file run_24.cif (mmCIF, C-alpha atoms)
data_start
loop_
_atom_site.group_PDB
_atom_site.id
_atom_site.type_symbol
_atom_site.label_atom_id
_atom_site.label_comp_id
_atom_site.auth_asym_id
_atom_site.auth_seq_id
_atom_site.Cartn_x
_atom_site.Cartn_y
_atom_site.Cartn_z
ATOM 1 C CA MET A 1 99.144 176.848 123.953
ATOM 2 C CA GLU A 2 100.167 173.481 125.340
ATOM 3 C CA ILE A 3 98.148 170.381 124.490
ATOM 4 C CA ASN A 4 98.396 166.799 125.741
ATOM 5 C CA VAL A 5 97.755 164.233 123.050
ATOM 6 C CA LEU A 6 96.842 160.602 123.806
ATOM 7 C CA PHE A 7 96.994 157.668 121.390
ATOM 8 C CA PHE A 8 95.046 154.467 121.993
ATOM 9 C CA GLY A 9 94.819 150.958 120.578
ATOM 10 C CA VAL A 10 96.587 150.404 117.294
ATOM 11 C CA LEU A 11 97.540 154.085 117.174
ATOM 12 C CA ALA A 12 99.677 153.730 120.316
ATOM 13 C CA ASP A 13 101.590 150.967 118.526
ATOM 14 C CA VAL A 14 101.859 152.905 115.259
ATOM 15 C CA THR A 15 103.128 156.071 116.918
ATOM 16 C CA GLY A 16 105.239 154.174 119.453
ATOM 17 C CA THR A 17 103.786 156.224 122.290
ATOM 18 C CA SER A 18 100.569 156.594 124.237
ATOM 19 C CA ARG A 19 101.102 160.257 125.155
ATOM 20 C CA LYS A 20 102.819 163.283 123.623
ATOM 21 C CA HIS A 21 102.959 166.856 124.818
ATOM 22 C CA TYR A 22 102.813 169.674 122.239
ATOM 23 C CA ARG A 23 103.780 173.315 122.803
ATOM 24 C CA ASP A 24 103.054 176.456 120.806
ATOM 25 C CA ILE A 25 99.886 175.068 119.252
ATOM 26 C CA LYS A 26 97.821 177.750 117.513
ATOM 27 C CA SER A 27 94.681 175.786 116.652
ATOM 28 C CA PHE A 28 93.282 172.286 116.242
ATOM 29 C CA ASP A 29 94.280 172.387 112.580
ATOM 30 C CA ASP A 30 97.811 173.320 113.582
ATOM 31 C CA LEU A 31 97.897 170.400 116.039
ATOM 32 C CA LYS A 32 96.629 167.965 113.380
ATOM 33 C CA HIS A 33 99.414 169.028 111.041
ATOM 34 C CA ARG A 34 102.072 168.744 113.748
ATOM 35 C CA ILE A 35 100.862 165.218 114.587
ATOM 36 C CA GLY A 36 100.705 164.345 110.890
ATOM 37 C CA ASP A 37 104.319 165.501 110.476
ATOM 38 C CA ASP A 38 105.477 163.498 113.503
ATOM 39 C CA PHE A 39 103.524 160.357 112.668
ATOM 40 C CA PRO A 40 102.691 160.331 108.934
ATOM 41 C CA GLU A 41 101.588 156.672 109.069
ATOM 42 C CA ILE A 42 98.625 157.640 111.280
ATOM 43 C CA THR A 43 96.686 158.808 108.209
ATOM 44 C CA HIS A 44 96.322 155.177 107.068
ATOM 45 C CA TYR A 45 94.072 154.398 110.040
ATOM 46 C CA ASN A 46 90.476 155.174 110.976
ATOM 47 C CA PHE A 47 90.047 157.159 114.135
ATOM 48 C CA ARG A 48 87.867 159.669 115.938
ATOM 49 C CA ILE A 49 89.051 162.542 118.082
ATOM 50 C CA ALA A 50 88.007 163.360 121.627
ATOM 51 C CA VAL A 51 88.771 166.608 123.431
ATOM 52 C CA ASN A 52 88.656 166.351 127.222
ATOM 53 C CA ASN A 53 86.850 162.974 127.042
ATOM 54 C CA LYS A 54 84.195 164.119 124.555
ATOM 55 C CA ILE A 55 84.122 163.038 120.927
ATOM 56 C CA VAL A 56 84.182 166.001 118.541
ATOM 57 C CA ASN A 57 83.051 166.021 114.945
ATOM 58 C CA GLU A 58 84.232 169.366 113.691
ATOM 59 C CA ASP A 59 87.400 171.321 114.356
ATOM 60 C CA PRO A 60 87.055 172.210 118.022
ATOM 61 C CA LEU A 61 88.316 175.317 119.736
ATOM 62 C CA LEU A 62 91.293 174.227 121.821
ATOM 63 C CA ARG A 63 92.334 175.787 125.113
ATOM 64 C CA GLN A 64 95.525 175.675 127.128
ATOM 65 C CA ASP A 65 96.161 172.183 128.627
ATOM 66 C CA ASP A 66 93.326 170.489 126.737
ATOM 67 C CA GLU A 67 93.615 166.740 126.320
ATOM 68 C CA VAL A 68 93.178 165.518 122.746
ATOM 69 C CA ALA A 69 92.732 161.759 122.246
ATOM 70 C CA TYR A 70 93.073 159.765 119.027
ATOM 71 C CA LEU A 71 90.583 156.897 119.227
ATOM 72 C CA PRO A 72 90.577 153.981 116.778
ATOM 73 C CA PRO A 73 87.256 152.078 116.355
ATOM 74 C CA PHE A 74 86.140 150.732 119.739
ATOM 75 C CA ALA A 75 86.369 147.013 120.413
ATOM 76 C CA GLY A 76 85.023 146.337 123.885
ATOM 77 C CA GLY A 77 83.206 143.183 124.943
ATOM 78 C CA MET B 1 80.583 150.564 135.525
ATOM 79 C CA HIS B 2 83.775 148.999 136.818
ATOM 80 C CA LEU B 3 87.005 148.293 134.951
ATOM 81 C CA ILE B 4 88.942 145.491 136.581
ATOM 82 C CA ASN B 5 92.391 144.064 135.966
ATOM 83 C CA GLY B 6 92.202 140.604 134.389
ATOM 84 C CA PRO B 7 89.139 138.387 133.968
ATOM 85 C CA VAL B 8 85.739 138.797 135.596
ATOM 86 C CA THR B 9 85.969 136.029 138.192
ATOM 87 C CA THR B 10 83.225 133.689 139.362
ATOM 88 C CA SER B 11 83.335 135.391 142.769
ATOM 89 C CA ALA B 12 82.787 138.797 141.119
ATOM 90 C CA ILE B 13 79.866 137.319 139.177
ATOM 91 C CA SER B 14 78.286 135.784 142.276
ATOM 92 C CA GLY B 15 78.816 139.063 144.120
ATOM 93 C CA ILE B 16 76.842 140.936 141.470
ATOM 94 C CA ILE B 17 74.042 138.351 141.616
ATOM 95 C CA ALA B 18 73.924 138.606 145.409
ATOM 96 C CA LYS B 19 73.737 142.401 145.118
ATOM 97 C CA GLY B 20 70.782 141.977 142.738
ATOM 98 C CA GLY B 21 68.897 140.266 145.570
ATOM 99 C CA GLU B 22 68.933 143.533 147.494
ATOM 100 C CA ASN B 23 66.529 144.957 144.878
ATOM 101 C CA GLN B 24 63.415 143.261 146.217
ATOM 102 C CA GLU B 25 61.086 145.130 143.884
ATOM 103 C CA CYS B 26 62.746 143.287 140.967
ATOM 104 C CA GLY B 27 61.323 140.096 139.535
ATOM 105 C CA ALA B 28 63.978 139.568 136.865
ATOM 106 C CA HIS B 29 67.725 139.859 136.442
ATOM 107 C CA SER B 30 69.134 139.386 132.934
ATOM 108 C CA LEU B 31 72.806 138.494 132.871
ATOM 109 C CA PHE B 32 75.174 138.669 129.899
ATOM 110 C CA LEU B 33 78.687 137.248 130.115
ATOM 111 C CA GLY B 34 81.156 137.961 127.308
ATOM 112 C CA GLN B 35 83.883 135.331 127.012
ATOM 113 C CA VAL B 36 87.199 135.444 125.174
ATOM 114 C CA ARG B 37 86.823 133.106 122.216
ATOM 115 C CA ARG B 38 89.626 130.850 121.014
ATOM 116 C CA ASP B 39 89.383 132.205 117.485
ATOM 117 C CA GLN B 40 91.610 130.971 114.702
ATOM 118 C CA SER B 41 93.442 133.231 112.258
ATOM 119 C CA ASP B 42 95.928 132.012 109.658
ATOM 120 C CA GLY B 43 96.168 128.653 111.429
ATOM 121 C CA LYS B 44 96.954 130.226 114.812
ATOM 122 C CA TYR B 45 94.682 130.156 117.832
ATOM 123 C CA VAL B 46 93.978 133.084 120.147
ATOM 124 C CA ARG B 47 95.286 132.318 123.619
ATOM 125 C CA ALA B 48 94.307 135.645 125.236
ATOM 126 C CA ILE B 49 93.099 139.182 124.618
ATOM 127 C CA GLU B 50 94.790 142.238 126.024
ATOM 128 C CA TYR B 51 92.272 145.028 126.674
ATOM 129 C CA SER B 52 93.153 148.688 126.987
ATOM 130 C CA ALA B 53 90.845 151.597 127.753
ATOM 131 C CA TYR B 54 90.618 155.377 127.807
ATOM 132 C CA GLU B 55 89.682 155.171 131.453
ATOM 133 C CA GLU B 56 88.738 158.823 131.974
ATOM 134 C CA MET B 57 86.142 158.501 129.205
ATOM 135 C CA VAL B 58 84.729 155.107 130.205
ATOM 136 C CA ILE B 59 82.618 156.264 133.159
ATOM 137 C CA PRO B 60 81.033 159.316 131.433
ATOM 138 C CA GLU B 61 80.115 157.159 128.424
ATOM 139 C CA ALA B 62 78.729 154.412 130.676
ATOM 140 C CA ASP B 63 76.603 157.012 132.484
ATOM 141 C CA LYS B 64 75.117 158.062 129.132
ATOM 142 C CA ILE B 65 74.274 154.418 128.395
ATOM 143 C CA PHE B 66 72.606 154.025 131.805
ATOM 144 C CA LYS B 67 70.456 157.118 131.192
ATOM 145 C CA LEU B 68 69.502 155.990 127.701
ATOM 146 C CA ILE B 69 68.487 152.505 128.878
ATOM 147 C CA MET B 70 66.581 153.826 131.894
ATOM 148 C CA SER B 71 64.632 156.257 129.714
ATOM 149 C CA GLU B 72 63.777 153.600 127.122
ATOM 150 C CA TYR B 73 62.878 150.813 129.584
ATOM 151 C CA ASP B 74 61.094 152.341 132.561
ATOM 152 C CA ASP B 75 60.766 149.031 134.409
ATOM 153 C CA VAL B 76 64.590 148.768 134.744
ATOM 154 C CA LYS B 77 65.785 149.357 138.322
ATOM 155 C CA ALA B 78 69.540 148.743 138.066
ATOM 156 C CA ILE B 79 72.338 148.079 135.571
ATOM 157 C CA GLU B 80 75.701 146.607 136.515
ATOM 158 C CA ILE B 81 78.634 146.494 134.109
ATOM 159 C CA ILE B 82 82.082 145.033 134.729
ATOM 160 C CA HIS B 83 84.681 145.042 131.942
ATOM 161 C CA SER B 84 88.209 143.722 132.011
ATOM 162 C CA LYS B 85 91.395 145.538 131.214
ATOM 163 C CA GLY B 86 94.748 143.846 130.727
ATOM 164 C CA ILE B 87 95.085 140.169 129.880
ATOM 165 C CA VAL B 88 92.102 137.809 129.728
ATOM 166 C CA LYS B 89 92.747 134.228 128.572
ATOM 167 C CA ALA B 90 90.557 132.280 126.128
ATOM 168 C CA GLY B 91 87.625 130.809 128.016
ATOM 169 C CA GLU B 92 87.652 133.540 130.654
ATOM 170 C CA ILE B 93 85.006 136.248 131.066
ATOM 171 C CA SER B 94 85.834 139.820 130.017
ATOM 172 C CA LEU B 95 82.409 141.482 130.239
ATOM 173 C CA LEU B 96 79.491 141.200 132.629
ATOM 174 C CA VAL B 97 76.232 143.064 132.170
ATOM 175 C CA MET B 98 73.349 142.537 134.567
ATOM 176 C CA VAL B 99 70.068 144.391 134.185
ATOM 177 C CA SER B 100 67.498 144.180 136.958
ATOM 178 C CA ALA B 101 63.860 145.036 136.317
ATOM 179 C CA GLY B 102 60.414 144.479 137.684
ATOM 180 C CA HIS B 103 59.669 141.993 134.919
ATOM 181 C CA ARG B 104 61.629 139.880 132.403
ATOM 182 C CA ASP B 105 60.454 141.658 129.266
ATOM 183 C CA HIS B 106 62.338 144.848 130.069
ATOM 184 C CA SER B 107 65.329 143.148 131.726
ATOM 185 C CA ASN B 108 65.962 140.961 128.652
ATOM 186 C CA LYS B 109 65.551 143.738 126.090
ATOM 187 C CA ALA B 110 67.509 146.295 128.115
ATOM 188 C CA CYS B 111 70.370 143.852 128.716
ATOM 189 C CA ALA B 112 70.699 143.121 124.994
ATOM 190 C CA LYS B 113 70.589 146.846 124.219
ATOM 191 C CA ALA B 114 73.203 147.628 126.887
ATOM 192 C CA VAL B 115 75.635 145.089 125.417
ATOM 193 C CA GLU B 116 75.277 146.625 121.954
ATOM 194 C CA LEU B 117 75.791 150.155 123.308
ATOM 195 C CA ILE B 118 78.864 149.087 125.295
ATOM 196 C CA LYS B 119 80.490 147.668 122.157
ATOM 197 C CA GLU B 120 79.593 150.781 120.186
ATOM 198 C CA ARG B 121 80.361 153.567 122.664
ATOM 199 C CA ILE B 122 82.788 152.534 125.395
ATOM 200 C CA PRO B 123 86.416 153.423 124.510
ATOM 201 C CA ILE B 124 88.011 150.013 124.928
ATOM 202 C CA TRP B 125 90.363 148.247 122.509
ATOM 203 C CA LYS B 126 91.509 144.661 122.233
ATOM 204 C CA LYS B 127 94.641 143.016 120.975
ATOM 205 C CA GLU B 128 94.478 139.298 120.223
ATOM 206 C CA ILE B 129 97.495 137.350 121.428
ATOM 207 C CA PHE B 130 98.110 134.059 119.657
ATOM 208 C CA GLU B 131 99.700 130.849 120.917
ATOM 209 C CA ASP B 132 103.026 131.777 119.270
ATOM 210 C CA ASN B 133 102.863 135.165 121.101
ATOM 211 C CA SER B 134 102.278 137.136 117.898
ATOM 212 C CA ALA B 135 99.486 139.706 118.258
ATOM 213 C CA GLN B 136 96.999 141.719 116.239
ATOM 214 C CA TRP B 137 94.500 144.477 117.008
ATOM 215 C CA ARG B 138 90.917 143.414 116.559
ATOM 216 C CA GLU B 139 87.880 145.572 115.821
ATOM 217 C CA ASN B 140 84.309 144.610 116.672
ATOM 218 C CA GLU B 141 82.327 143.256 113.724
#
call {"tool": "encode", "arguments": {"input": "run_24.cif", "output": "structure tokens"}}
result
Amino acid sequence: MEINVLFFGVLADVTGTSRKHYRDIKSFDDLKHRIGDDFPEITHYNFRIAVNNKIVNEDPLLRQDDEVAYLPPFAGG
Amino acid sequence: MHLINGPVTTSAISGIIAKGGENQECGAHSLFLGQVRRDQSDGKYVRAIEYSAYEEMVIPEADKIFKLIMSEYDDVKAIEIIHSKGIVKAGEISLLVMVSAGHRDHSNKACAKAVELIKERIPIWKKEIFEDNSAQWRENE
């Protein structure tokens, strides 16, 4: 399946992009590994994951065209 | 909740206060203004903050905050939130929260709670820009 991945805050700087499109993704675990291979430095940072605007705690079931966002700790205000 | 480009201006602030007057059952409006602080780090002063947001997630999260506050403080009639995105200079306002209630007890407590929830739950990030144009990401304490 195809998945859109968004990077925010410090992670957009670290990865050098705010958006990347992945094809042939089999599962969330597969996606995590693909992202880890593309951007190994990302593992040094704290972040949470959102799927379609909702924060997920466990490995979610991904569907075609889902949007997965990497969210560093929030800093509004 | 509204995300606006640049600082929350005095005209935006007065507009929100004027809107509060339309709620004639309210006896209290509690207003919080968050200002960009001229912090110092390694001898350099912050001249501005650049805010970025996951905009599609901001409104759903703000709606959850509204529901939580309304359920906890039943005297609250309205909550207004404006947050900046983009560049806000030191001394300018980046966050406005106004809670309107029948009485001051609930407006004060709900306003303080709303500010804490915004910092905790709204997907916004800030990068401090120093006077020499170097920059660093900053997390909330």
call {"tool": "residues_near_point", "arguments": {"input": "run_24.cif", "point": "(95.9, 131.1, 122.7)", "cutoff": "9 Å", "atoms": "all atoms listed in the file", "output": "list in words"}}
result
Arg38, Asp39, Lys44, Tyr45, Val46, Arg47, Ala48, Ile49, Lys89, Ala90, Glu128, Ile129, Phe130, Glu131, Asp132 and Asn133 of chain B
call {"tool": "atom_distance", "arguments": {"input": "run_24.cif", "atom1": "atom CA of Ile65 of chain B", "atom2": "atom CA of Ala114 of chain B"}}
result
7.0 Å
call {"tool": "interface_residues", "arguments": {"input": "run_24.cif", "of": "chain B", "to": "chain A", "cutoff": "6 Å", "atoms": "all atoms listed in the file", "output": "PDB file with C-alpha atoms, keeping the file's coordinate frame"}}
result
ATOM      1  CA  MET B  57      86.142 158.501 129.205  1.00  0.00           C
ATOM      2  CA  LEU B  95      82.409 141.482 130.239  1.00  0.00           C
ATOM      3  CA  LYS B 119      80.490 147.668 122.157  1.00  0.00           C
ATOM      4  CA  PRO B 123      86.416 153.423 124.510  1.00  0.00           C
ATOM      5  CA  ILE B 124      88.011 150.013 124.928  1.00  0.00           C
ATOM      6  CA  TRP B 125      90.363 148.247 122.509  1.00  0.00           C
ATOM      7  CA  LYS B 126      91.509 144.661 122.233  1.00  0.00           C
ATOM      8  CA  GLU B 139      87.880 145.572 115.821  1.00  0.00           C
ATOM      9  CA  ASN B 140      84.309 144.610 116.672  1.00  0.00           C
TER      10      ASN B 140
END
call {"tool": "residues_near_point", "arguments": {"input": "run_24.cif", "point": "(81.7, 136.7, 138.2)", "cutoff": "10 Å", "atoms": "all atoms listed in the file", "output": "list in words"}}
result
Pro7, Val8, Thr9, Thr10, Ser11, Ala12, Ile13, Ser14, Gly15, Ile16, Ile17, Leu33, Ile82, Ile93, Ser94, Leu95 and Leu96 of chain B
call {"tool": "atom_distance", "arguments": {"input": "run_24.cif", "atom1": "atom CA of Phe32 of chain B", "atom2": "atom CA of Glu141 of chain B"}}
result
18.3 Å
call {"tool": "residues_around", "arguments": {"input": "run_24.cif", "residues": "Ile35 of chain A", "least_positions_apart": "5", "cutoff": "10 Å", "atoms": "only C-alpha atoms", "output": "list in words"}}
result
Val5, Thr15, Lys20, Tyr22, Asp29, Asp30, Pro40, Ile42 and Thr43 of chain A
call {"tool": "build_atoms", "arguments": {"input": "run_24.cif", "residues": "segment 22-49 of chain A", "atoms": "N, CA and C atoms", "output": "mmCIF file, keeping the file's coordinate frame"}}
result
data_model
loop_
_atom_site.group_PDB
_atom_site.id
_atom_site.type_symbol
_atom_site.label_atom_id
_atom_site.label_comp_id
_atom_site.auth_asym_id
_atom_site.auth_seq_id
_atom_site.Cartn_x
_atom_site.Cartn_y
_atom_site.Cartn_z
ATOM 1 N N TYR A 22 102.487 168.688 123.285
ATOM 2 C CA TYR A 22 102.813 169.674 122.239
ATOM 3 C C TYR A 22 102.766 171.083 122.818
ATOM 4 N N ARG A 23 103.730 171.900 122.392
ATOM 5 C CA ARG A 23 103.780 173.315 122.803
ATOM 6 C C ARG A 23 103.544 174.209 121.588
ATOM 7 N N ASP A 24 103.210 175.435 121.852
ATOM 8 C CA ASP A 24 103.054 176.456 120.806
ATOM 9 C C ASP A 24 102.036 176.049 119.742
ATOM 10 N N ILE A 25 100.960 175.450 120.174
ATOM 11 C CA ILE A 25 99.886 175.068 119.252
ATOM 12 C C ILE A 25 98.957 176.271 119.066
ATOM 13 N N LYS A 26 98.664 176.578 117.791
ATOM 14 C CA LYS A 26 97.821 177.750 117.513
ATOM 15 C C LYS A 26 96.347 177.393 117.382
ATOM 16 N N SER A 27 96.074 176.185 116.885
ATOM 17 C CA SER A 27 94.681 175.786 116.652
ATOM 18 C C SER A 27 94.641 174.264 116.530
ATOM 19 N N PHE A 28 93.416 173.734 116.435
ATOM 20 C CA PHE A 28 93.282 172.286 116.242
ATOM 21 C C PHE A 28 93.915 171.861 114.911
ATOM 22 N N ASP A 29 93.711 172.686 113.892
ATOM 23 C CA ASP A 29 94.280 172.387 112.580
ATOM 24 C C ASP A 29 95.815 172.336 112.656
ATOM 25 N N ASP A 30 96.362 173.278 113.374
ATOM 26 C CA ASP A 30 97.811 173.320 113.582
ATOM 27 C C ASP A 30 98.287 172.032 114.273
ATOM 28 N N LEU A 31 97.547 171.627 115.309
ATOM 29 C CA LEU A 31 97.897 170.400 116.039
ATOM 30 C C LEU A 31 97.848 169.182 115.112
ATOM 31 N N LYS A 32 96.767 169.098 114.304
ATOM 32 C CA LYS A 32 96.629 167.965 113.380
ATOM 33 C C LYS A 32 97.835 167.873 112.447
ATOM 34 N N HIS A 33 98.278 169.030 111.949
ATOM 35 C CA HIS A 33 99.414 169.028 111.041
ATOM 36 C C HIS A 33 100.701 168.621 111.753
ATOM 37 N N ARG A 34 100.871 169.112 112.976
ATOM 38 C CA ARG A 34 102.072 168.744 113.748
ATOM 39 C C ARG A 34 102.102 167.230 113.989
ATOM 40 N N ILE A 35 100.931 166.670 114.340
ATOM 41 C CA ILE A 35 100.862 165.218 114.587
ATOM 42 C C ILE A 35 101.094 164.450 113.285
ATOM 43 N N GLY A 36 100.510 164.981 112.201
ATOM 44 C CA GLY A 36 100.705 164.345 110.890
ATOM 45 C C GLY A 36 102.168 164.354 110.466
ATOM 46 N N ASP A 37 102.881 165.431 110.793
ATOM 47 C CA ASP A 37 104.319 165.501 110.476
ATOM 48 C C ASP A 37 105.121 164.515 111.320
ATOM 49 N N ASP A 38 104.738 164.399 112.602
ATOM 50 C CA ASP A 38 105.477 163.498 113.503
ATOM 51 C C ASP A 38 105.191 162.033 113.213
ATOM 52 N N PHE A 39 103.928 161.758 112.862
ATOM 53 C CA PHE A 39 103.524 160.357 112.668
ATOM 54 C C PHE A 39 102.743 160.231 111.357
ATOM 55 N N PRO A 40 103.418 160.332 110.209
ATOM 56 C CA PRO A 40 102.691 160.331 108.934
ATOM 57 C C PRO A 40 101.869 159.061 108.695
ATOM 58 N N GLU A 41 102.290 157.949 109.295
ATOM 59 C CA GLU A 41 101.588 156.672 109.069
ATOM 60 C C GLU A 41 100.181 156.663 109.677
ATOM 61 N N ILE A 42 99.915 157.606 110.584
ATOM 62 C CA ILE A 42 98.625 157.640 111.280
ATOM 63 C C ILE A 42 97.464 157.855 110.298
ATOM 64 N N THR A 43 97.749 158.494 109.170
ATOM 65 C CA THR A 43 96.686 158.808 108.209
ATOM 66 C C THR A 43 96.121 157.555 107.534
ATOM 67 N N HIS A 44 96.814 156.421 107.673
ATOM 68 C CA HIS A 44 96.322 155.177 107.068
ATOM 69 C C HIS A 44 95.258 154.489 107.922
ATOM 70 N N TYR A 45 94.984 155.052 109.097
ATOM 71 C CA TYR A 45 94.072 154.398 110.040
ATOM 72 C C TYR A 45 92.805 155.218 110.253
ATOM 73 N N ASN A 46 91.726 154.502 110.592
ATOM 74 C CA ASN A 46 90.476 155.174 110.976
ATOM 75 C C ASN A 46 90.558 155.569 112.440
ATOM 76 N N PHE A 47 90.110 156.756 112.734
ATOM 77 C CA PHE A 47 90.047 157.159 114.135
ATOM 78 C C PHE A 47 89.061 158.309 114.296
ATOM 79 N N ARG A 48 88.625 158.485 115.553
ATOM 80 C CA ARG A 48 87.867 159.669 115.938
ATOM 81 C C ARG A 48 88.695 160.433 116.962
ATOM 82 N N ILE A 49 88.304 161.683 117.162
ATOM 83 C CA ILE A 49 89.051 162.542 118.082
ATOM 84 C C ILE A 49 88.149 162.913 119.255
#
